[in-house]
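**Student:** This is the content of run_1.txt (compact mmCIF, C-alpha atoms):
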# COMPACT_ATOMS: atom_id res chain seq x y z
CA MET A 1 53.35 36.56 -86.25
CA THR A 2 56.18 37.26 -83.87
CA ASN A 3 55.43 40.99 -84.01
CA LEU A 4 51.90 40.29 -82.77
CA LYS A 5 53.21 38.19 -79.90
CA VAL A 6 55.76 40.84 -78.96
CA GLU A 7 53.06 43.51 -79.14
CA ALA A 8 50.75 41.45 -76.92
CA ILE A 9 53.55 40.88 -74.42
CA MET A 10 54.36 44.62 -74.41
CA ARG A 11 50.71 45.45 -73.72
CA ARG A 12 50.62 43.02 -70.83
CA VAL A 13 53.89 44.37 -69.41
CA SER A 14 52.70 47.99 -69.70
CA LEU A 15 49.37 47.09 -68.09
CA LEU A 16 51.18 45.29 -65.29
CA MET A 17 53.47 48.32 -64.77
CA LEU A 18 50.47 50.63 -64.68
CA ILE A 19 48.82 48.47 -62.01
CA VAL A 20 52.02 48.39 -59.95
CA VAL A 21 52.37 52.19 -60.14
CA ALA A 22 48.71 52.67 -59.14
CA LEU A 23 49.12 50.36 -56.15
CA CYS A 24 52.29 52.15 -55.05
CA CYS A 25 50.57 55.53 -55.25
CA ALA A 26 47.62 54.24 -53.24
CA ALA A 27 49.92 52.77 -50.60
CA PHE A 28 51.91 55.97 -50.11
CA GLY A 29 49.05 58.49 -50.47
CA GLN A 30 47.47 60.20 -47.48
CA SER A 31 43.88 59.50 -46.64
CA LEU A 32 41.41 62.38 -46.60
CA GLY A 33 40.90 61.89 -42.87
CA ASP A 34 44.63 62.33 -42.20
CA VAL A 35 44.71 65.53 -44.23
CA ALA A 36 41.66 66.88 -42.36
CA ARG A 37 43.23 66.06 -38.97
CA GLN A 38 46.46 67.79 -39.91
CA THR A 39 44.57 70.85 -41.13
CA ARG A 40 42.57 71.07 -37.88
CA GLN A 41 45.77 70.79 -35.84
CA LYS A 42 47.37 73.58 -37.85
CA GLU A 43 44.32 75.80 -37.35
CA LYS A 44 44.33 75.16 -33.60
CA SER A 45 48.03 75.97 -33.39
CA LYS A 46 47.52 79.36 -35.03
CA ASN A 47 45.33 80.44 -32.08
CA LYS A 48 43.06 82.54 -34.25
CA ALA A 49 39.67 83.66 -33.03
CA ALA A 50 36.98 81.14 -33.89
CA LYS A 51 34.57 82.34 -36.55
CA LYS A 52 30.95 81.32 -36.62
CA VAL A 53 30.00 79.56 -39.85
CA VAL A 54 26.27 79.51 -40.43
CA THR A 55 25.03 76.29 -42.02
CA ASN A 56 21.59 75.04 -42.93
CA GLU A 57 21.52 73.18 -39.61
CA ASP A 58 21.76 76.51 -37.75
CA ILE A 59 18.78 78.00 -39.58
CA PRO A 60 15.46 76.85 -38.09
CA GLU A 61 12.82 75.44 -40.40
CA SER A 62 9.70 76.34 -38.44
CA GLN A 63 6.35 77.12 -40.02
CA ASP A 64 5.72 80.17 -37.80
CA VAL A 65 4.86 83.34 -39.68
CA ASN A 66 6.43 85.68 -37.07
CA PRO A 67 9.11 83.69 -35.28
CA ALA A 68 11.42 85.13 -32.68
CA PRO A 69 14.79 85.96 -34.20
CA PRO A 70 17.32 83.17 -33.70
CA GLU A 71 19.73 83.76 -30.86
CA THR A 72 22.91 82.36 -32.40
CA VAL A 73 22.74 83.46 -36.02
CA GLY A 74 24.77 86.54 -36.76
CA LYS A 75 25.97 87.25 -33.24
CA PRO A 76 29.47 88.68 -33.18
CA GLU A 77 32.20 86.80 -31.45
CA SER A 78 32.71 87.65 -27.83
CA THR A 79 36.14 89.10 -27.21
CA GLY A 80 35.71 90.18 -23.65
CA PRO A 81 35.63 93.67 -22.24
CA VAL A 82 37.64 96.35 -23.94
CA THR A 83 39.66 98.55 -21.65
CA THR A 84 39.26 102.22 -22.57
CA HIS A 85 41.42 103.74 -19.85
CA SER A 86 43.82 106.14 -21.49
CA GLY A 87 46.96 104.86 -19.77
CA ALA A 88 46.03 101.20 -19.51
CA GLN A 89 46.82 100.13 -23.07
CA SER A 90 49.92 100.40 -25.20
CA ALA A 91 49.86 101.44 -28.85
CA ASP A 92 50.06 97.81 -29.98
CA GLN A 93 47.15 96.85 -27.74
CA TRP A 94 45.06 99.72 -29.09
CA LYS A 95 45.94 98.81 -32.66
CA SER A 96 45.13 95.11 -32.24
CA THR A 97 41.85 95.90 -30.48
CA ILE A 98 40.82 98.30 -33.23
CA LEU A 99 41.84 95.86 -35.96
CA ALA A 100 39.83 93.10 -34.27
CA GLN A 101 36.81 95.39 -34.18
CA LYS A 102 37.26 96.21 -37.87
CA THR A 103 37.41 92.48 -38.59
CA ARG A 104 34.14 91.94 -36.70
CA ILE A 105 32.53 94.71 -38.74
CA ALA A 106 33.80 93.19 -41.99
CA ASN A 107 32.49 89.75 -40.98
CA LEU A 108 29.07 91.17 -40.15
CA GLN A 109 28.98 93.00 -43.48
CA THR A 110 29.90 89.77 -45.29
CA GLN A 111 27.12 87.90 -43.49
CA ILE A 112 24.64 90.61 -44.43
CA ASP A 113 25.73 90.55 -48.07
CA LYS A 114 25.50 86.75 -48.29
CA LEU A 115 22.10 86.68 -46.61
CA ASN A 116 20.80 89.47 -48.84
CA GLY A 117 22.08 87.58 -51.87
CA SER A 118 20.19 84.46 -50.83
CA ILE A 119 16.80 86.15 -50.48
CA HIS A 120 14.62 85.31 -53.46
CA PHE A 121 10.85 85.43 -53.30
CA VAL A 122 8.73 83.24 -55.61
CA GLU A 123 5.21 83.52 -56.86
CA ALA A 124 3.33 81.65 -54.15
CA ASN A 125 0.79 80.07 -56.51
CA ALA A 126 3.41 78.87 -58.99
CA TYR A 127 5.11 76.43 -56.60
CA VAL A 128 3.83 73.73 -54.28
CA ASN A 129 5.48 75.19 -51.16
CA GLY A 130 5.70 78.75 -52.44
CA ALA A 131 3.99 80.34 -49.43
CA GLN A 132 6.24 78.55 -46.91
CA TYR A 133 9.29 79.39 -48.99
CA ASN A 134 8.35 83.06 -48.99
CA GLN A 135 7.83 82.97 -45.21
CA TYR A 136 11.36 81.62 -44.92
CA GLN A 137 12.58 84.51 -47.06
CA VAL A 138 10.82 86.96 -44.72
CA LYS A 139 12.73 85.35 -41.83
CA LYS A 140 15.94 85.95 -43.73
CA GLN A 141 14.98 89.61 -44.13
CA GLN A 142 14.41 89.82 -40.37
CA GLN A 143 17.84 88.31 -39.79
CA VAL A 144 19.34 90.90 -42.13
CA ALA A 145 17.63 93.67 -40.15
CA ASN A 146 19.03 92.23 -36.89
CA LEU A 147 22.50 91.97 -38.41
CA GLN A 148 22.32 95.54 -39.67
CA THR A 149 21.44 96.70 -36.15
CA GLN A 150 24.43 94.80 -34.80
CA LEU A 151 26.59 96.27 -37.56
CA SER A 152 25.66 99.82 -36.62
CA GLU A 153 26.37 99.03 -32.94
CA GLN A 154 29.78 97.58 -33.84
CA LYS A 155 30.60 100.61 -36.00
CA GLN A 156 29.70 102.90 -33.09
CA LYS A 157 31.89 100.79 -30.80
CA LEU A 158 34.76 101.14 -33.30
CA SER A 159 34.27 104.90 -33.41
CA ASP A 160 34.33 105.03 -29.60
CA MET A 161 37.53 102.97 -29.54
CA GLN A 162 39.18 105.26 -32.05
CA ASP A 163 38.15 108.33 -30.07
CA SER A 164 39.52 106.79 -26.88
CA ALA A 165 42.81 106.00 -28.63
CA LYS A 166 43.02 109.60 -29.88
CA LYS A 167 42.38 110.89 -26.38
CA ALA A 168 45.06 108.55 -25.04
CA GLY A 169 47.52 110.34 -27.32
CA MET A 170 47.91 107.60 -29.91
CA GLY A 171 48.80 108.51 -33.50
CA SER A 172 46.67 107.90 -36.57
CA ALA A 173 48.67 104.75 -37.36
CA VAL A 174 47.21 103.26 -34.17
CA TYR A 175 43.59 104.40 -34.26
CA ASP A 176 43.16 104.15 -38.06
CA PRO A 177 45.31 101.20 -39.20
Represent the structure of the file as structure tokens.
**Tutor:**
Amino acid sequence: MTNLKVEAIMRRVSLLMLIVVALCCAAFGQSLGDVARQTRQKEKSKNKAAKKVVTNEDIPESQDVNPAPPETVGKPESTGPVTTHSGAQSADQWKSTILAQKTRIANLQTQIDKLNGSIHFVEANAYVNGAQYNQYQVKKQQQVANLQTQLSEQKQKLSDMQDSAKKAGMGSAVYDP
């Protein structure tokens, strides 16, 4: 009988210790809000260019068959005018400008790939809102076409930058990093 009492006491003690440990962990743990604030502050301190993240809130849900293309979706970030005077930029400036342009091109290509991957047509008669869903998919295709136009423009701009860097006497390490 004493073994049962000792065992019951041990269970209670271990349960009590478990509760104490859980309370200590909760008291010393960071809240999710604190972690998010710290992360935002770190991102701001890095001074990186802001990237546009497209969410469902940015995509209009109109019932128009032929809507005007949205103005904000897929637009590249504005970096200001690029100086193409041969003597006005150093090698590091040329290299950073060209790398930034390559990053813009990569971001546009990623957006195009994601949007293309999300386009799925359905049989209109098989679903309740099949026709509206397919119209939305057509809008996505139009956005892809707009993004591809922007991509070709950005690639041409990159080519022009590289040519200008070559003409300015920069080496291949600068104009083709």
**Student:** Which distance in Å separates CA of Gln142 in chain A and CA of Leu158 in chain A, to one decimal?
**Tutor:**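 Atom-to-atom, CA of Gln142 in chain A and CA of Leu158 in chain A are spaced 24.3 Å apart.
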**Student:** Compare A:Lys5, A:Lys167, A:His120, A:Lys102 by their minimum atom-to-atom distance to Gln137 in chain A, counting all atoms listed in the file, and give me the closest one.
**Tutor:** A:His120
**Student:** Nearest to Gln111 in chain A: which of A:Leu15, A:Met170, A:Ala165, A:Val54 is it, counting all atoms listed in the file?
**Tutor:**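 Nearest to Gln111 in chain A: A:Val54.
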**Student:** To one decimal place in Å, what is the distance between CA of Gln150 in chain A and CA of Gly169 in chain A?
**Tutor:**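 Here the two named atoms are 28.8 Å from each other.
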**Student:** Point out the residue among A:Lys139, A:Arg12, A:Lys155, A:Lys166 with the least atom-to-atom distance to Ile105 in chain A, counting only C-alpha atoms.
**Tutor:**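 Nearest to Ile105 in chain A: A:Lys155.
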**Student:** Any idea what the distance is between CA of Thr110 in chain A and CA of Ile98 in chain A?
**Tutor:** 18.4 Å
**Student:** What's the 10 Å shell around Leu151 in chain A, counting only C-alpha atoms, without same-chain residues fewer than 6 positions away, as an MDAnalysis selection string?
**Tutor:** chainID A and resid 74 76 104:109 112 145 157
**Student:** Within 12 Å of (48.6, 101.5, -29.4), all atoms listed in the file: residues as a JSON list (two decimals) with C-alpha atoms, keeping the file's coordinate frame?
**Tutor:**
[["chain", "number", "residue", "atom", "x", "y", "z"],
["A", 84, "THR", "CA", 39.26, 102.22, -22.57],
["A", 86, "SER", "CA", 43.82, 106.14, -21.49],
["A", 87, "GLY", "CA", 46.96, 104.86, -19.77],
["A", 88, "ALA", "CA", 46.03, 101.20, -19.51],
["A", 89, "GLN", "CA", 46.82, 100.13, -23.07],
["A", 90, "SER", "CA", 49.92, 100.40, -25.20],
["A", 91, "ALA", "CA", 49.86, 101.44, -28.85],
["A", 92, "ASP", "CA", 50.06, 97.81, -29.98],
["A", 93, "GLN", "CA", 47.15, 96.85, -27.74],
["A", 94, "TRP", "CA", 45.06, 99.72, -29.09],
["A", 95, "LYS", "CA", 45.94, 98.81, -32.66],
["A", 96, "SER", "CA", 45.13, 95.11, -32.24],
["A", 97, "THR", "CA", 41.85, 95.90, -30.48],
["A", 98, "ILE", "CA", 40.82, 98.30, -33.23],
["A", 99, "LEU", "CA", 41.84, 95.86, -35.96],
["A", 161, "MET", "CA", 37.53, 102.97, -29.54],
["A", 162, "GLN", "CA", 39.18, 105.26, -32.05],
["A", 164, "SER", "CA", 39.52, 106.79, -26.88],
["A", 165, "ALA", "CA", 42.81, 106.00, -28.63],
["A", 166, "LYS", "CA", 43.02, 109.60, -29.88],
["A", 167, "LYS", "CA", 42.38, 110.89, -26.38],
["A", 168, "ALA", "CA", 45.06, 108.55, -25.04],
["A", 169, "GLY", "CA", 47.52, 110.34, -27.32],
["A", 170, "MET", "CA", 47.91, 107.60, -29.91],
["A", 171, "GLY", "CA", 48.80, 108.51, -33.50],
["A", 172, "SER", "CA", 46.67, 107.90, -36.57],
["A", 173, "ALA", "CA", 48.67, 104.75, -37.36],
["A", 174, "VAL", "CA", 47.21, 103.26, -34.17],
["A", 175, "TYR", "CA", 43.59, 104.40, -34.26],
["A", 176, "ASP", "CA", 43.16, 104.15, -38.06],
["A", 177, "PRO", "CA", 45.31, 101.20, -39.20]]
